[in-house]
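A.B. asks: What follows is a single structure, and I will ask about it in a moment.
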Amino acid sequence: MSVRSEHQPFDQSAALLKQLRDNSLLADLDIHMAMFLLQQADQPSLPLALAIALTCRATDEGHVCLDLSQQAERALLPGIDPKVTTLPLDEWRKLLLDSGVVGSPGSRQPLVLDDQERLYLHRYWDYEQRLASALLQRADADEAMPDKAQLSAGLKQLFQPAEELETDWQQVAAANALLSNLTVISGGPGTGKTSTVVRILALLRQQPEGAALRIGLAAPTGMAAARLQQSIRDAKLRLPLSAEALEGIPEQASTLHRLLGVTTQGTGFRHHGENPLLLDVLILDEASMVDVALMAKLLDALPSQAKLILLGDRDQLASVEAGAVLGDICAGCEGPSAESAATLSHITGQPIEPMPRADNPLQDRVVLLRHSYRFSADSPIGRLATAINRSEADQAIQLIQQGTPENELTWLNDETETVALGAAHFAQLGRAIERGDSVEALFEHLHAFRILAALREGSAGVVQLNQGITSRLREQGAIPQQAAWYVGRPVMLTRNDYQLNLYNGESGIVLPHPDGSGELSVAFNGADGGIRWVSPSRLPYCETVYALTVHKSQGSEFQRVLFHLPKQDSPVLCRELVYTAVTRAKQQFSLVGPEAVFRTALLRGMQRQSGLSDRLKQIS
């Protein structure tokens, strides 16, 4: 079948797209969208249908757009039908722009093709454009400058001299946040992002009119919001401030969905450009998890004069949905320009080495925290994370294989150990329930150990691992033989439930209801620190979570992590995924899987097709 053929485009398109679907290259929804728009086109053709379907597929796989130049003259079914290839780029581009459903940037066509050969579904082009404009507008906004004398005094009060550090980047980040309406603070685990934020909050309160500031704290998931809230509570206890001053520092965090106010139909948010959030400052943790659509909607809803402070780790996995927003924002930003370095050095008293002017206009709004307080210079997990980030595969492999006296790093050769270790840990959870341990203690036990996997399906996927652990626990008599709901079952929501105010990714434990009725209920540890009880009958969209994917683990920390790799390489395996898995562990990291697969993953960087970095440069 020739992709060039324009005769009978509907029948030929349907046939080819279904063949691609049968070979796992497309999904049904991609085909439906392509065929629908083909009917709207002035000049329908098979290459048009293919471009639409591939763009839909790219978006579903996390890309904001389709790089047409990478897809041109490509064999779609190598080894099956090598004659089925896409058009040369120039020919394909002209055909798309003549079709009547593909337009240039600024047009109102269903798809947009820009001058860098990026093909977008219109809504994603619009999200990217709006987000870039909003970030730059906020970064360049004129605002009332802080009282610099008060700021300098506050910095000296709140930040203790760090003699081992040449530059205290936490202090630099705090000063930057007071000076600008946009600050991005990126750092790995234990670099003190939350500690820095608590001090920023204290500095804001110390400013004239600071007591009246309306401050919001948010994170993408309920688990991340709860962890942010607890971290702030703990960090406040270490501040040299009066009880009255500490009382003024907010600690209540919410999910982004709760903050924006999901409508009861779940089709939009109550807060948007016409009904903005009533905030003067918003601090968003785990920003790497936020996709381009949600970030664009957040900035639409945030008043233009409000401060936005983004926290995250630019080296972590990007969002599950389309985009790599934090990575795009931080691209090329390794330190402040000479002008910004001089200003920050004057206020903080810190020596700050300026960096050459980058082509990223947000350079002076990004601060990198470089010193880990959790992992010392000789910490096995810290050294492993550093080696992974540098793509030093030999070093990373050696670190795990040689092990450590305290077993902080271990490489398990027998894949059956994964199920055995999982069953052993969760059997202990069952015994803790029988002892009558508090619900809070049960959640601590739940988060003490977790199995992570790269894949959802397959022999090394979380579905099969969860089934294996469930079967082992049943064999041991730790859980009932047949019951789907049983005491001690850990569950995770797989969809948002707007009526219950429970969101995708939140974890719970099945327990007897505390009213003494004996009825089973699911306990959720909310972001407010309180325990919520929900009947299983109201939770159709949840699954057992003895093991979970690395993507789902973002925003969480566990004392011990076991990372289970598949036997064969997979496109989802990449350096960022391994780094994210490793840095979920606070005390111990174990790996199960072949060395060759691990090595390949470390040498493969995650590539998300996006135009946000270029858009920032163009608009500026």
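Going through the structure tokens in order, the chains are called A, B, and so on, while each chain numbers its residues from 1 and the ligands are numbered from 1 in the order shown.
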What's the 7 Å shell around Ala34 (chain A), counting only C-alpha atoms, without same-chain residues fewer than 6 positions away, as a ChimeraX atom specification?

C.D. replies: /A:49,52-53

A.B. asks: Run DSSP on the backbone and give me the residues of region 62-284 of chain A it puts in alpha helix (DSSP H), as a PyMOL selection string.

C.D. replies: chain A and resi 68-71+89-97+122-140+148-158+169-179+193-206+222-236+243-247+256-260

A.B. asks: Give me the residues near Pro361 (chain A) as a PyMOL selection string, where near means some atom within 9 Å (using only C-alpha atoms) and where sequence neighbours in that chain fewer than 6 positions away do not count.

C.D. replies: chain A and resi 136+139+616-617+620

A.B. asks: Quick one, how far is CA of Ala322 (chain A) from CA of Asn181 (chain A)?

C.D. replies: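 So the answer is 25.8 Å.
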
A.B. asks: Considering only C-alpha atoms, return as a compact mmCIF listing (two decimals) with C-alpha atoms, in the first residue's frame whatever protein or nucleic-acid residues lie within 6 Å of region 55-57 of chain A, sequence-local ones (same chain, fewer than 3 positions apart) excluded.

C.D. replies:
```
# COMPACT_ATOMS: atom_id res chain seq x y z
CA ASP A 30 -5.82 7.74 17.29
CA ILE A 52 -3.06 13.10 12.53
CA ASP A 60 -0.62 10.04 24.44
CA LEU A 66 5.11 15.29 16.65
```

A.B. asks: Would you please extract all strand (DSSP E) residues from region 364-482 of chain A, as assigned by DSSP on the backbone, and give them as a ChimeraX atom specification?

C.D. replies: /A:366-369,409-412,449-453

A.B. asks: With a distance cut-off of 8 Å and only C-alpha atoms, select the neighbouring residues of Ala396 (chain A), excluding the residue or stretch itself and same-chain residues fewer than 4 positions from it, and output the selection as a list in words.

C.D. replies: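 Near neighbours after the sequence-gap exclusion: Leu384, Ala387, Ile388, Glu392 and Ile400 of chain A.
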
A.B. asks: If you measure from CA of Ser104 (chain A) to CA of Leu26 (chain A), what distance in Å do you get, rounded to one decimal?

C.D. replies: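 A separation of 25.4 Å between them.
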
A.B. asks: Give me, as CSV, each residue of region 74-176 of chain A that comes within 10 Å of region 201-221 of chain A, together with its shortest interatomic pair and the distance in Å at one decimal, counting only C-alpha atoms, with rows ordered by chain and rising residue number.

C.D. replies:
```
residue,atom,partner,partner_atom,distance
A:Pro146,CA,A:Gln207,CA,6.8
A:Asp147,CA,A:Gln207,CA,6.6
A:Lys148,CA,A:Gln207,CA,9.3
A:Gln150,CA,A:Gln207,CA,6.9
A:Leu151,CA,A:Leu203,CA,6.8
A:Ser152,CA,A:Leu203,CA,9.6
A:Ala153,CA,A:Leu203,CA,9.6
A:Gly154,CA,A:Leu203,CA,6.2
A:Leu155,CA,A:Leu203,CA,7.6
A:Gln157,CA,A:Leu203,CA,9.9
A:Leu158,CA,A:Ala202,CA,8.4
A:Ala174,CA,A:Leu203,CA,8.2
A:Ala175,CA,A:Leu203,CA,9.0
```

A.B. asks: Find the residues near region 474-488 of chain A: any atom within 8 Å, counting only C-alpha atoms, skip ones fewer than 2 places away on the same chain, and give them as a PDB file with C-alpha atoms, in the first residue's frame.

C.D. replies:
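Generated output (part.pdb):
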```pdb
ATOM      1  CA  PHE A 426       3.307  -6.916  53.909  1.00  0.00           C
ATOM      2  CA  ALA A 427       2.831  -9.925  56.169  1.00  0.00           C
ATOM      3  CA  LEU A 429       1.876  -5.056  58.054  1.00  0.00           C
ATOM      4  CA  GLY A 430      -0.851  -7.616  58.715  1.00  0.00           C
ATOM      5  CA  ILE A 433      -2.867  -4.506  62.269  1.00  0.00           C
ATOM      6  CA  THR A 470      -1.039 -11.635  46.694  1.00  0.00           C
ATOM      7  CA  SER A 471      -0.755 -15.341  45.832  1.00  0.00           C
ATOM      8  CA  ARG A 472       2.224 -15.775  48.173  1.00  0.00           C
ATOM      9  CA  PRO A 490      -2.874  -1.574  50.281  1.00  0.00           C
ATOM     10  CA  ILE A 509      -5.131   0.640  53.573  1.00  0.00           C
ATOM     11  CA  VAL A 510      -8.164  -1.621  53.989  1.00  0.00           C
ATOM     12  CA  LEU A 511      -9.026  -1.808  57.699  1.00  0.00           C
ATOM     13  CA  PRO A 512     -11.996  -2.516  59.960  1.00  0.00           C
ATOM     14  CA  LEU A 520     -14.286  -3.011  55.982  1.00  0.00           C
ATOM     15  CA  PRO A 536     -14.858   0.006  49.254  1.00  0.00           C
TER      16      PRO A 536
END
```

A.B. asks: Just to confirm, what's the straight-line distance from CA of Pro44 (chain A) to CA of Gln12 (chain A) in Å (one decimal)?

C.D. replies: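 Calculated distance between CA of Pro44 (chain A) and CA of Gln12 (chain A) is 11.2 Å.
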
A.B. asks: So that I can see what lies close to region 442-452 of chain A, please list as number ranges by chain the residues with an atom at most 8 Å from it, counting only C-alpha atoms and leaving out residues fewer than 2 positions away in the same chain.

C.D. replies: A: 418, 422, 425-426, 429, 432-433, 437-440, 454, 462, 490, 509, 525, 546-550, 553, 557-564, 581

A.B. asks: For Ala460 (chain A), which residue among A:Gly312, A:Pro566, A:Gly187, A:Pro105 is the nearest when counting only C-alpha atoms?

C.D. replies: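 Closest residue, counting only C-alpha atoms: A:Pro566.
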
A.B. asks: Smallest atom-to-atom distance to His122 (chain A): which of A:Val64, A:Leu178, A:Ser521, A:Glu406, using only C-alpha atoms?

C.D. replies: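 For His122 (chain A), the nearest of the candidates is A:Val64.
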
A.B. asks: May I ask which of the residues A:Val366, A:Leu246, A:Ala134, A:Ala287 is the closest one to Ala301 (chain A), counting only C-alpha atoms?

C.D. replies: A:Ala134

A.B. asks: Hey, could you make a per-residue contact list for region 179-212 of chain A against region 371-380 of chain A with 9 Å as the cut-off, showing the nearest pair of atoms and its distance in Å to one decimal, counting only C-alpha atoms, sorted by chain and number, as a Markdown table?

C.D. replies:
```
| residue | atom | partner | partner_atom | distance |
| --- | --- | --- | --- | --- |
| A:Gly187 | CA | A:His371 | CA | 8.4 |
| A:Gly188 | CA | A:Ser372 | CA | 7.2 |
| A:Pro189 | CA | A:Ser372 | CA | 6.8 |
| A:Gly190 | CA | A:Arg374 | CA | 4.5 |
| A:Thr191 | CA | A:Ser372 | CA | 4.2 |
| A:Gly192 | CA | A:Tyr373 | CA | 7.1 |
```

A.B. asks: Go through A:Ile531, A:Ala243, A:Ala358, A:Leu111 and flag the residue nearest Arg123 (chain A), using only C-alpha atoms for the distances.

C.D. replies: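 Checking each of A:Ile531, A:Ala243, A:Ala358, A:Leu111 against Arg123 (chain A), counting only C-alpha atoms, the winner is A:Leu111.
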
A.B. asks: From the set A:Ala523, A:Ala585, A:Asp28, A:Ser590, which residue has the shortest atom-to-atom contact distance to Leu421 (chain A), counting only C-alpha atoms?

C.D. replies: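 Closest to Leu421 (chain A), using only C-alpha atoms: A:Ser590.
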
A.B. asks: Could you tell me which of A:Leu20, A:Ala331, A:Leu131, A:Val184 comes closest to Ala293 (chain A) if we count only C-alpha atoms?

C.D. replies: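 Of A:Leu20, A:Ala331, A:Leu131, A:Val184, the one nearest Ala293 (chain A), counting only C-alpha atoms, is A:Leu131.
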